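Here the structure is laid out as structure tokens; the discussion comes afterwards.
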Amino acid sequence: MSTKKVYSICGMCTVRCPIMVEVENGEIAFIHGNPYFPAMKGGVCPRGVAGRALIKDNERPKAPLMRVGARGDGQWREVSWDEALDYVSNKMMKIRDTYGPESIALSDRGGPFRDMRRAFLRGFGTPNYCNHDASCARNVHHANLSLTGLGRKDVVYDLKNAKHVVLQFRNIFEAINVQEVNNLMDALENECKLSVIDIRANVSSTKAHHFMMIRPGTDYGFNLAVINEILNRKLYDEAYANRFIEDLDKLQKFVQPYTPKWAEKETGVSAAKLSRFVEDLAKAKPSVIWHPGWMTARYRQSFYICRSIYIINALLGTFGAKGGLPFVNKPSDFGKKGLNKFMDLYPKPEAKRADGAGWKFPQFEEGPGLAHLLFKAMETSEPYPVKGYIAYRHDPLMGFPDPDRLKNIFSSLELLVSVTFTWSDTAWFSDVVLPLSPYLERESIIATKNGLKPYFFLRQRAVDPRFDTRADWEIISGIAKRIGLSQLVFDSVEDVWRFQLEGTGMAIEDFADSGIVQTTDVPRYKKPEEFTFKTPGGKIEIVSKNLESWGIESLQPYQSPQKPDEGEFRLTFGRCALHTQGHTANNPLLFEQMAENILWINTTAAEKLGISDNEIVTVSQNGYSETIKAKVTDMIHPEAVFVIHGFGHRIPVESRAYMKGLADNKFMKNGIDIYDPVGGAVAFQEHFVRVSSRQ
Ligand SMILES: Nc1nc2c(c(=O)[nH]1)N[C@H]1C(S)=C(S)[C@@H](COP(=O)(O)OP(=O)(O)OC[C@H]3O[C@@H](n4cnc5c(=O)[nH]c(N)nc54)[C@H](O)[C@@H]3O)O[C@H]1N2
Ligand SMILES: Nc1nc2c(c(=O)[nH]1)N[C@H]1C(S)=C(S)[C@@H](COP(=O)(O)OP(=O)(O)OC[C@H]3O[C@@H](n4cnc5c(=O)[nH]c(N)nc54)[C@H](O)[C@@H]3O)O[C@H]1N2
Ligand code: SF4
Ligand SMILES: [Mo]
């Protein structure tokens with residue numbers, strides 16, 4: 001029997017945990033957490049375990065496919081890689097000749113492995129790269145930029161050393177990042193307090209010292225009352241504030257109307273409860289983490305919710321604090337040279353971005369842009385036509401609102417390509433499907449992880465592909481070769497890695513023992529006084545000079561959310577521990593554990609409608625309806641219904657997931673027009689549905 005251990009990176013979700021894979025006779029025997037990361041505690045989450053089932057799954061694209069019928073008909077012809085790549089490259093060049101290179105766009109799932117495909121877009125001459133973030137964390141990222149000049153990932157959540165953690169729109173124990181879960185568990189055993197503010201009781205709330213069920217959409221009001229309490233009762237860190245925060249007086253004045261008593265009426269959380277919570281919180285400063293949120297693409301005012309959270313963190317002195325939000329370090333902080341970047345091979349294209357990020361909308365960072373605004377540009381041909389689109393590990397027909405409208409928009413494309421390792425709604429609607437090898441069957445480019453202890457890491461292939469699928473670098477190389485971008489053409493992954501490592505002092509062999517190269521053994525906490533905030537004035541800006549210069553308020557008054565009509569509910573959603581987004585519903589192992597989603601509905605609201613627990617109910621909006629099983633519970637606010645996102649698959653080749661459950665994004669008519677104008681992300685929870693009994 002031959003056995004080996006392969007150090008790699010999980011790809012079942014975007015967290016990308018470090019793993020160690022045991023391979024026996026060419027088969028995956030077991031997946032462990034990489035033992036060089038103590039916070040993995042040797043394990044992975046249920047989805048991480050199901051990586052084996054992903055490989056075994058025969059219901060995924062197994063070879064390059066080209067559509068033979070109309071878009072979405074599901075009639076495919078299996079072709080060779082040469083034929084598929086020739087077709088895609090020729091079509092791209094034809095579109096470039098007719099409309100210019102900026103007429104090609106690509107969107108992906110973001111993350112640390114995208115350098116090569118972004119370089120490819122640059123080489124081709126298009127600025128139109130987007131990631132998925134307009135449907136996820138753009139608001140929270142922009143909020144931090146406006147207050148501290150730092151991005152969302154420029155600070156660490158130092159959960160292990162925290163004394164009080166607040167989760168608002170953040171369900172750590174179900175929307176999982178393994179190291180975060182383990183670190184928080186350790187902290188809770190060490191007398192750290194946990195507070196949860198949610199519209200329903202989730203698994204995280206079962207471990208909470210303070211649980212506050214809040215009326216959906218009123219979080220900003222709640223947070224303003226918390227700031228009011230912190231300032232009026234002088235519970236903040238005065239020395240820190242004097243030194244690092246600008247315009248505290250303006251904040252104090254602004255929050256005066258938002259008293260805890262006022263918030264009680266608006267949010268449903270009693271003033272006494274709010275006060276007790278704030279007292280506890282202040283006692284733990286500065287080792288406090290009020291988590292600013294992750295999936296924050298929910299409301300039109302989500303940017304200001306996130307901004308208020310960062311303000312509270314600042315008042316408690318958590319930026320830069322151990323057990324709070326310390327600043328990330330980069331390899332250069334330890335005198336190490338970074339990787340060579342593929343992006344640096346080509347100049348930035350001159351054309352303006354089709355989504356308007358950075359020019360029409362100066363408040364939206366250019367980098368990953370905003371995909372829904374790209375789709376709107378496709379629809380209107382403004383500022384110019386976008387005729388070719390590559391959905392690269394991205395499923396916008398599942399992950400953006402109103403798939404019918406999106407399909408209409410995509411119908412005007414001359415080329416729609418999907419690169420994916422499972423079927424997806426977008427792949428099913430594409431002209432060409434380029435099958436990516438699942439992560440256990442492919443290697444990726446070397447990537448950097450910034451943090452308290454920055455490191456470089458490598459995803460290695462654990463087993464050979466079962467089918468005719470390829471790794472990212474092979475796919476990009478294949479198109480680059482045909483388009484004439486010779487610097488991106490590589491014959492082996494070792495050549496790719498050598499390009500990245502040349503002149504850095506590191507060699508491929510350095511990754512052999514653990515899959516990583518560390519830059520330091522000891523975590524480094526930069527003190528706030530050795531740090532300059534990246535705002536124009538170098539301080540934490542309550543009144544943001546940038547926002548004001550773009551005519552945007554820094555302190556926006558609270559807007560009370562619309563109340564649903566009788567028989568209607570705000571549609572809310574989230575994650576569960578057993579599935580990832582839309583792409584695991586058909587995974588044999590995870591399907592066995594959880595086959596479909598159900599609709600959470602409040603007991604009193606259900607009684608009024610004559611709905612009982614486990615009954616199949618109808619959910620409808622704008623003439624569209626579907627059925628789903630109801631979970632009648634006291635544990636959700638009466639104004640909301642809730643589903644786990646990612647179900648409602650309608651692709652016949654996925655025999656297990658087919659017709660199971662309901663897709664929330666189909667109940668979000670014209671949702672690409674409804675977004676946060678300051679944070680940029682789609683406002684997924686500004687939609688209402690009618691729920692009725694079928695009896
Ligand atoms: N198991 C698993 N883990 C994952 C993922 C996955 O698909 N599966 N995906 C990863 C990704 S991409 C992301 S972005 C993260 C997401 O991580 P989270 O953002 O933490 O996850 P969600 O479950 O979307 O939402 C968190 C909570 O917000 C609550 N909520 C909804 N509306 C409101 C409201 O108006 N006010 C308040 N206070 N709370 C509200 C929901 O009830 C839910 O409990 O998870 C990551 N981890
Ligand atoms: N209505 C509604 N919409 C949502 C959400 C919601 O809760 N409700 N959640 C939002 C959130 S938080 C996010 S992040 C987006 C996610 O939406 P997407 O960014 O589209 O994410 P995924 O479903 O994770 O992956 C997209 C596709 O990439 C393929 N893929 C190929 N290789 C890989 C790989 O190595 N790893 C992974 N993970 N996928 C691969 C998958 O098979 C899948 O078909 O959707 C957002 N949209
Ligand atoms: S959280 Fe789970 S699925 Fe996501 S990368 Fe880690 S082990 Fe894999
Ligand atoms: Mo996300």
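In the structure tokens, the first chain shown is A, the next is B, and so on; residue numbers restart at 1 for each chain, and ligands run from 1 in the order shown.
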
>> So that I can see what lies close to range 1-7 of chain A, please list as a ChimeraX atom specification the residues with an atom at most 9 Å from it, counting only C-alpha atoms and leaving out residues fewer than 3 positions away in the same chain.
In response: /A:18-26,34,458-462,511-516

Output as an mmCIF file with C-alpha atoms, in the first residue's frame all residues of range 456-643 of chain A that backbone DSSP marks as strand (DSSP E or B).
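part_22.cif, written as the output of this step:
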data_model
loop_
_atom_site.group_PDB
_atom_site.id
_atom_site.type_symbol
_atom_site.label_atom_id
_atom_site.label_comp_id
_atom_site.auth_asym_id
_atom_site.auth_seq_id
_atom_site.Cartn_x
_atom_site.Cartn_y
_atom_site.Cartn_z
ATOM 1 C CA PHE A 456 3.132 32.089 1.987
ATOM 2 C CA PHE A 457 1.117 29.021 1.080
ATOM 3 C CA ARG A 470 -7.845 21.145 -15.620
ATOM 4 C CA ILE A 516 3.752 26.946 3.957
ATOM 5 C CA VAL A 517 6.698 29.287 4.408
ATOM 6 C CA GLN A 518 6.453 31.374 7.566
ATOM 7 C CA ILE A 540 -9.769 57.717 12.669
ATOM 8 C CA GLU A 541 -12.147 60.062 10.848
ATOM 9 C CA GLU A 568 -46.128 39.625 4.098
ATOM 10 C CA PHE A 569 -42.636 39.175 5.500
ATOM 11 C CA ARG A 570 -39.175 40.511 4.918
ATOM 12 C CA LEU A 571 -37.209 37.737 3.215
ATOM 13 C CA THR A 572 -34.013 37.031 5.138
ATOM 14 C CA PHE A 573 -31.416 34.321 4.671
ATOM 15 C CA GLY A 574 -28.110 32.964 5.851
ATOM 16 C CA LEU A 599 -38.863 28.413 5.889
ATOM 17 C CA TRP A 600 -38.534 29.798 9.420
ATOM 18 C CA ILE A 601 -41.684 31.681 10.390
ATOM 19 C CA ASN A 602 -42.705 33.151 13.746
ATOM 20 C CA ILE A 616 -45.925 22.898 2.987
ATOM 21 C CA VAL A 617 -46.631 26.591 2.359
ATOM 22 C CA THR A 618 -46.616 28.826 -0.698
ATOM 23 C CA VAL A 619 -44.185 31.717 -0.916
ATOM 24 C CA SER A 620 -44.914 34.324 -3.559
ATOM 25 C CA GLN A 621 -43.850 37.690 -4.899
ATOM 26 C CA TYR A 624 -43.931 34.148 -8.900
ATOM 27 C CA SER A 625 -44.450 31.409 -6.330
ATOM 28 C CA GLU A 626 -42.890 28.257 -4.943
ATOM 29 C CA THR A 627 -43.606 25.846 -2.123
ATOM 30 C CA ILE A 628 -41.491 24.986 0.907
ATOM 31 C CA LYS A 629 -41.866 23.324 4.299
ATOM 32 C CA ALA A 630 -42.549 25.741 7.167
ATOM 33 C CA LYS A 631 -40.643 25.670 10.465
ATOM 34 C CA VAL A 632 -42.912 27.445 12.918
ATOM 35 C CA THR A 633 -40.864 28.850 15.791
ATOM 36 C CA ILE A 636 -37.508 34.412 14.733
ATOM 37 C CA ALA A 640 -39.167 38.141 8.901
ATOM 38 C CA VAL A 641 -39.080 34.739 7.305
ATOM 39 C CA PHE A 642 -35.713 33.030 6.909
ATOM 40 C CA VAL A 643 -34.195 30.402 4.594
#

>> What's around Phe421 in chain A at 10 Å? Count only C-alpha atoms, leave out sequence neighbours fewer than 4 positions away in its own chain, and write the answer as a PyMOL selection string.
In response: chain A and resi 54-55+60-62+393+427+433-439+469-470+583

>> Any residue with an atom at most 6 Å from ligand 2 counts, using only C-alpha atoms and all ligand atoms. Which are they? Put them as an MDAnalysis selection string.
In response: chainID A and resid 11:14 109 132 135:136 295 393:396 399:400 420:424 439 573:574 581:583 645 664:665

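Of the residues listed (A:Asn182, A:Gly610, A:Asp673, A:Pro362), A:Gly610 shows the shortest atom-to-atom separation from Gln695 in chain A; distances use only C-alpha atoms.
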
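Of the residues under consideration (A:Met668, A:Val15, A:Val68, A:Leu373), A:Val15 shows the shortest atom-to-atom contact distance to ligand 4 when counting only C-alpha atoms and all ligand atoms.
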
>> Could you list, as a PyMOL selection string, all residues that come within 9 Å of ligand 3? Count only C-alpha atoms and all ligand atoms.
In response: chain A and resi 9-19+32-33+40+43-51+175-179+577+579-580

Please, could you write that set of residues out with N, CA, C and O atoms as a CSV table (one decimal), in the first residue's frame?
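Below is the file again-v4.csv, written as the result:
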chain,number,residue,atom,x,y,z
A,9,ILE,N,-4.8,23.2,0.5
A,9,ILE,CA,-5.7,24.2,0.9
A,9,ILE,C,-7.1,23.8,0.6
A,9,ILE,O,-7.4,23.4,-0.6
A,10,CYS,N,-8.0,23.8,1.6
A,10,CYS,CA,-9.4,23.4,1.3
A,10,CYS,C,-10.1,24.3,0.3
A,10,CYS,O,-9.7,25.5,0.3
A,11,GLY,N,-11.0,23.8,-0.5
A,11,GLY,CA,-11.6,24.7,-1.5
A,11,GLY,C,-13.1,24.5,-1.4
A,11,GLY,O,-13.8,24.8,-2.3
A,12,MET,N,-13.6,23.9,-0.3
A,12,MET,CA,-15.1,23.8,-0.2
A,12,MET,C,-15.8,25.1,0.2
A,12,MET,O,-17.0,25.2,0.0
A,13,CYS,N,-15.0,26.1,0.7
A,13,CYS,CA,-15.6,27.4,0.8
A,13,CYS,C,-14.5,28.4,0.7
A,13,CYS,O,-13.3,28.1,0.6
A,14,THR,N,-14.9,29.6,0.8
A,14,THR,CA,-14.0,30.7,0.5
A,14,THR,C,-12.9,31.0,1.6
A,14,THR,O,-12.0,31.8,1.4
A,15,VAL,N,-13.1,30.3,2.7
A,15,VAL,CA,-12.2,30.5,3.9
A,15,VAL,C,-10.8,29.9,3.5
A,15,VAL,O,-9.8,30.4,4.0
A,16,ARG,N,-10.8,28.8,2.8
A,16,ARG,CA,-9.5,28.2,2.3
A,16,ARG,C,-8.6,27.8,3.5
A,16,ARG,O,-7.5,28.3,3.7
A,17,CYS,N,-9.1,26.9,4.3
A,17,CYS,CA,-8.3,26.4,5.5
A,17,CYS,C,-7.1,25.6,5.0
A,17,CYS,O,-7.2,24.9,4.0
A,18,PRO,N,-6.0,25.7,5.8
A,18,PRO,CA,-4.9,24.8,5.5
A,18,PRO,C,-5.2,23.4,5.9
A,18,PRO,O,-5.7,23.1,7.0
A,19,ILE,N,-5.0,22.4,5.0
A,19,ILE,CA,-5.3,21.0,5.3
A,19,ILE,C,-4.1,20.1,5.0
A,19,ILE,O,-3.1,20.5,4.4
A,32,HIS,N,-7.3,16.2,7.1
A,32,HIS,CA,-7.1,16.8,8.4
A,32,HIS,C,-6.9,18.3,8.3
A,32,HIS,O,-6.5,18.7,7.2
A,33,GLY,N,-7.0,19.0,9.4
A,33,GLY,CA,-6.5,20.3,9.4
A,33,GLY,C,-5.0,20.3,9.4
A,33,GLY,O,-4.4,19.4,10.0
A,40,MET,N,-6.4,25.1,13.8
A,40,MET,CA,-7.2,24.1,13.1
A,40,MET,C,-7.6,22.9,14.0
A,40,MET,O,-8.5,22.2,13.7
A,43,GLY,N,-8.6,19.4,12.7
A,43,GLY,CA,-9.9,19.1,12.0
A,43,GLY,C,-10.3,20.0,10.9
A,43,GLY,O,-9.6,21.0,10.6
A,44,VAL,N,-11.3,19.7,10.2
A,44,VAL,CA,-11.9,20.6,9.3
A,44,VAL,C,-13.4,20.6,9.6
A,44,VAL,O,-13.9,19.8,10.5
A,45,CYS,N,-14.2,21.4,8.8
A,45,CYS,CA,-15.7,21.4,9.1
A,45,CYS,C,-16.4,20.3,8.3
A,45,CYS,O,-15.7,19.7,7.4
A,46,PRO,N,-17.7,20.1,8.4
A,46,PRO,CA,-18.4,19.1,7.7
A,46,PRO,C,-18.2,19.2,6.2
A,46,PRO,O,-18.1,18.2,5.5
A,47,ARG,N,-18.1,20.4,5.7
A,47,ARG,CA,-18.0,20.6,4.2
A,47,ARG,C,-16.6,20.3,3.8
A,47,ARG,O,-16.4,19.7,2.7
A,48,GLY,N,-15.6,20.6,4.7
A,48,GLY,CA,-14.3,20.2,4.4
A,48,GLY,C,-14.1,18.7,4.2
A,48,GLY,O,-13.4,18.2,3.4
A,49,VAL,N,-14.8,17.9,5.1
A,49,VAL,CA,-14.8,16.5,5.0
A,49,VAL,C,-15.4,16.0,3.7
A,49,VAL,O,-14.9,15.0,3.1
A,50,ALA,N,-16.4,16.8,3.2
A,50,ALA,CA,-17.1,16.3,2.0
A,50,ALA,C,-16.3,16.6,0.7
A,50,ALA,O,-16.9,16.4,-0.4
A,51,GLY,N,-15.1,17.1,0.8
A,51,GLY,CA,-14.3,17.2,-0.4
A,51,GLY,C,-14.1,15.9,-1.1
A,51,GLY,O,-14.0,15.8,-2.3
A,175,ALA,N,-21.8,29.9,10.1
A,175,ALA,CA,-21.1,30.4,8.9
A,175,ALA,C,-19.6,30.4,9.2
A,175,ALA,O,-19.0,31.3,9.8
A,176,ILE,N,-19.0,29.2,8.9
A,176,ILE,CA,-17.8,28.8,9.6
A,176,ILE,C,-16.5,29.2,8.9
A,176,ILE,O,-16.4,29.2,7.7
A,177,ASN,N,-15.6,29.6,9.8
A,177,ASN,CA,-14.2,29.7,9.5
A,177,ASN,C,-13.5,28.9,10.6
A,177,ASN,O,-13.6,29.3,11.8
A,178,VAL,N,-13.0,27.7,10.3
A,178,VAL,CA,-12.6,26.7,11.4
A,178,VAL,C,-11.7,27.4,12.4
A,178,VAL,O,-11.9,27.2,13.6
A,179,GLN,N,-10.7,28.2,12.0
A,179,GLN,CA,-9.8,28.7,13.0
A,179,GLN,C,-10.5,29.8,13.9
A,179,GLN,O,-10.3,29.9,15.1
A,577,ALA,N,-24.2,25.1,8.8
A,577,ALA,CA,-22.8,24.5,8.9
A,577,ALA,C,-22.6,23.4,7.8
A,577,ALA,O,-21.5,23.0,7.5
A,579,HIS,N,-23.7,23.3,4.4
A,579,HIS,CA,-23.6,23.6,3.0
A,579,HIS,C,-22.8,24.9,2.8
A,579,HIS,O,-22.7,25.8,3.6
A,580,THR,N,-22.3,25.0,1.5
A,580,THR,CA,-21.6,26.3,1.1
A,580,THR,C,-22.4,26.9,0.0
A,580,THR,O,-22.5,26.3,-1.1

> Given the choices A:Lys545, A:Ala681, A:Val432, A:Lys352, which gets closest to ligand 4 if the distance is worked out from only C-alpha atoms and all ligand atoms?
Replying inline: A:Ala681

> When DSSP works through the backbone of this structure, what residues of range 239-325 of chain A end up as helix (DSSP H, G or I), shown as a ChimeraX atom specification?
Replying inline: /A:239-244,248-255,260-267,271-283,302-315

>> Report, in Å with one decimal, the straight-line distance from CA of Lys56 in chain A to atom 10 (C, counted along the ligand's line) of ligand 1.
In response: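 Between CA of Lys56 in chain A and atom 10 (C, counted along the ligand's line) of ligand 1 the gap is 23.3 Å.
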
>> Please list as a list in words every residue within 12 Å of Asp73 in chain A, counting only C-alpha atoms and excluding residues in the same chain fewer than 4 positions away.
In response: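 So, after excluding close chain neighbours, the residues are Met66, Arg67, Val68, Gly69, Asp425, Ala427, Trp428, Phe429, Ser430, Asp431, Arg650, Ile651 and Pro652 of chain A.
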
Next, write the just-selected residues to a file, as a CSV table (one decimal), in the first residue's frame, keeping C-alpha atoms as the atom set.
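Produced file out-v2.csv, reproduced below:
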chain,number,residue,atom,x,y,z
A,66,MET,CA,-20.2,23.4,-25.8
A,67,ARG,CA,-23.9,24.2,-26.1
A,68,VAL,CA,-25.8,22.9,-29.0
A,69,GLY,CA,-29.3,24.1,-28.3
A,425,ASP,CA,-27.2,27.8,-12.9
A,427,ALA,CA,-22.8,27.1,-16.2
A,428,TRP,CA,-26.1,25.7,-17.4
A,429,PHE,CA,-26.9,28.9,-19.2
A,430,SER,CA,-23.4,29.3,-20.8
A,431,ASP,CA,-22.1,28.7,-24.3
A,650,ARG,CA,-33.4,23.2,-11.3
A,651,ILE,CA,-30.7,21.5,-13.3
A,652,PRO,CA,-31.8,18.0,-14.3

Quick one: residues within 10 Å of Arg243 in chain A, only C-alpha atoms, excluding same-chain residues fewer than 6 positions away - as an mmCIF file with N, CA and C atoms, in the first residue's frame?
data_model
loop_
_atom_site.group_PDB
_atom_site.id
_atom_site.type_symbol
_atom_site.label_atom_id
_atom_site.label_comp_id
_atom_site.auth_asym_id
_atom_site.auth_seq_id
_atom_site.Cartn_x
_atom_site.Cartn_y
_atom_site.Cartn_z
ATOM 1 N N PRO A 528 -0.799 50.987 18.354
ATOM 2 C CA PRO A 528 -1.417 52.079 17.600
ATOM 3 C C PRO A 528 -0.447 53.244 17.402
ATOM 4 N N GLU A 529 0.426 53.490 18.412
ATOM 5 C CA GLU A 529 1.327 54.649 18.266
ATOM 6 C C GLU A 529 2.426 54.420 17.229
ATOM 7 N N LYS A 539 -5.800 59.943 10.928
ATOM 8 C CA LYS A 539 -6.491 59.544 12.172
ATOM 9 C C LYS A 539 -7.776 58.807 11.843
ATOM 10 N N ILE A 540 -8.456 58.338 12.863
ATOM 11 C CA ILE A 540 -9.769 57.717 12.669
ATOM 12 C C ILE A 540 -10.751 58.863 12.437
#

> Which residues, written as a ChimeraX atom specification, have at least one atom at most 8 Å from Ala53 in chain A, with only C-alpha atoms counted and residues fewer than 6 positions away on the same chain left out?
Replying inline: /A:587-589

Would you mind exporting N, CA, C and O atoms of the selected residues as a PDB file, in the first residue's frame?
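After the write, selection_31.pdb holds the following:
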ATOM      1  N   ASN A 587     -23.855  17.743  -3.504  1.00  0.00           N
ATOM      2  CA  ASN A 587     -22.738  16.927  -3.002  1.00  0.00           C
ATOM      3  C   ASN A 587     -23.327  15.692  -2.296  1.00  0.00           C
ATOM      4  O   ASN A 587     -24.139  15.836  -1.377  1.00  0.00           O
ATOM      5  N   PRO A 588     -22.947  14.474  -2.727  1.00  0.00           N
ATOM      6  CA  PRO A 588     -23.619  13.281  -2.206  1.00  0.00           C
ATOM      7  C   PRO A 588     -23.656  13.230  -0.672  1.00  0.00           C
ATOM      8  O   PRO A 588     -24.682  12.930  -0.076  1.00  0.00           O
ATOM      9  N   LEU A 589     -22.525  13.559  -0.023  1.00  0.00           N
ATOM     10  CA  LEU A 589     -22.453  13.445   1.426  1.00  0.00           C
ATOM     11  C   LEU A 589     -23.281  14.530   2.125  1.00  0.00           C
ATOM     12  O   LEU A 589     -24.020  14.260   3.077  1.00  0.00           O
TER      13      LEU A 589
END

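From CA of Asn128 in chain A back to CA of Trp550 in chain A, the distance works out to 23.3 Å.
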
>> What does the structure give for the distance between CA of Glu102 in chain A and CA of Pro401 in chain A, in Å to one decimal?
In response: 25.0 Å

>> When you count only C-alpha atoms, which of these residues is closest to Leu281 in chain A: A:Trp262, A:Phe303, A:Tyr658, A:Tyr236?
In response: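 Answer, going by the shortest atom-to-atom distance: A:Tyr236.
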
>> So that I can check the surroundings of Asn586 in chain A, please list as a list in words every protein, DNA and RNA residue that reaches within 8 Å of it, counting only C-alpha atoms and ignoring chain neighbours fewer than 2 positions away.
In response: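 The filter keeps His583, Thr584, Pro588, Leu590, Phe591, Glu654, Ser655, Arg656 and Ala657 of chain A.
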
I need the residues from that last selection saved to file as an mmCIF file, in the first residue's frame (with N, CA and C atoms), if you can.
data_model
loop_
_atom_site.group_PDB
_atom_site.id
_atom_site.type_symbol
_atom_site.label_atom_id
_atom_site.label_comp_id
_atom_site.auth_asym_id
_atom_site.auth_seq_id
_atom_site.Cartn_x
_atom_site.Cartn_y
_atom_site.Cartn_z
ATOM 1 N N HIS A 583 -23.244 25.761 -4.073
ATOM 2 C CA HIS A 583 -22.563 24.724 -4.828
ATOM 3 C C HIS A 583 -22.357 23.392 -4.123
ATOM 4 N N THR A 584 -23.037 23.175 -2.977
ATOM 5 C CA THR A 584 -22.897 21.863 -2.337
ATOM 6 C C THR A 584 -24.215 21.110 -2.253
ATOM 7 N N PRO A 588 -22.947 14.474 -2.727
ATOM 8 C CA PRO A 588 -23.619 13.281 -2.206
ATOM 9 C C PRO A 588 -23.656 13.230 -0.672
ATOM 10 N N LEU A 590 -23.164 15.744 1.638
ATOM 11 C CA LEU A 590 -23.856 16.858 2.299
ATOM 12 C C LEU A 590 -25.360 16.795 2.009
ATOM 13 N N PHE A 591 -25.704 16.320 0.822
ATOM 14 C CA PHE A 591 -27.121 16.139 0.492
ATOM 15 C C PHE A 591 -27.749 15.156 1.473
ATOM 16 N N GLU A 654 -28.322 17.273 -12.027
ATOM 17 C CA GLU A 654 -28.050 17.138 -10.580
ATOM 18 C C GLU A 654 -29.208 16.355 -9.969
ATOM 19 N N SER A 655 -29.122 15.043 -10.044
ATOM 20 C CA SER A 655 -30.307 14.229 -9.714
ATOM 21 C C SER A 655 -30.732 14.375 -8.255
ATOM 22 N N ARG A 656 -29.771 14.616 -7.370
ATOM 23 C CA ARG A 656 -30.129 14.694 -5.947
ATOM 24 C C ARG A 656 -30.783 16.044 -5.627
ATOM 25 N N ALA A 657 -30.111 17.126 -5.985
ATOM 26 C CA ALA A 657 -30.601 18.454 -5.572
ATOM 27 C C ALA A 657 -31.788 18.935 -6.410
#

> Of the candidates A:Val226, A:Ala70, A:Ala297, A:Leu339, which shows the shortest atom-to-atom distance to ligand 4, using only C-alpha atoms and all ligand atoms?
Replying inline: A:Ala297

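With distances restricted to only C-alpha atoms and all ligand atoms, A:Thr296 is the closest residue to ligand 4 from A:Thr296, A:Ser80, A:Ser412, A:Ser486.
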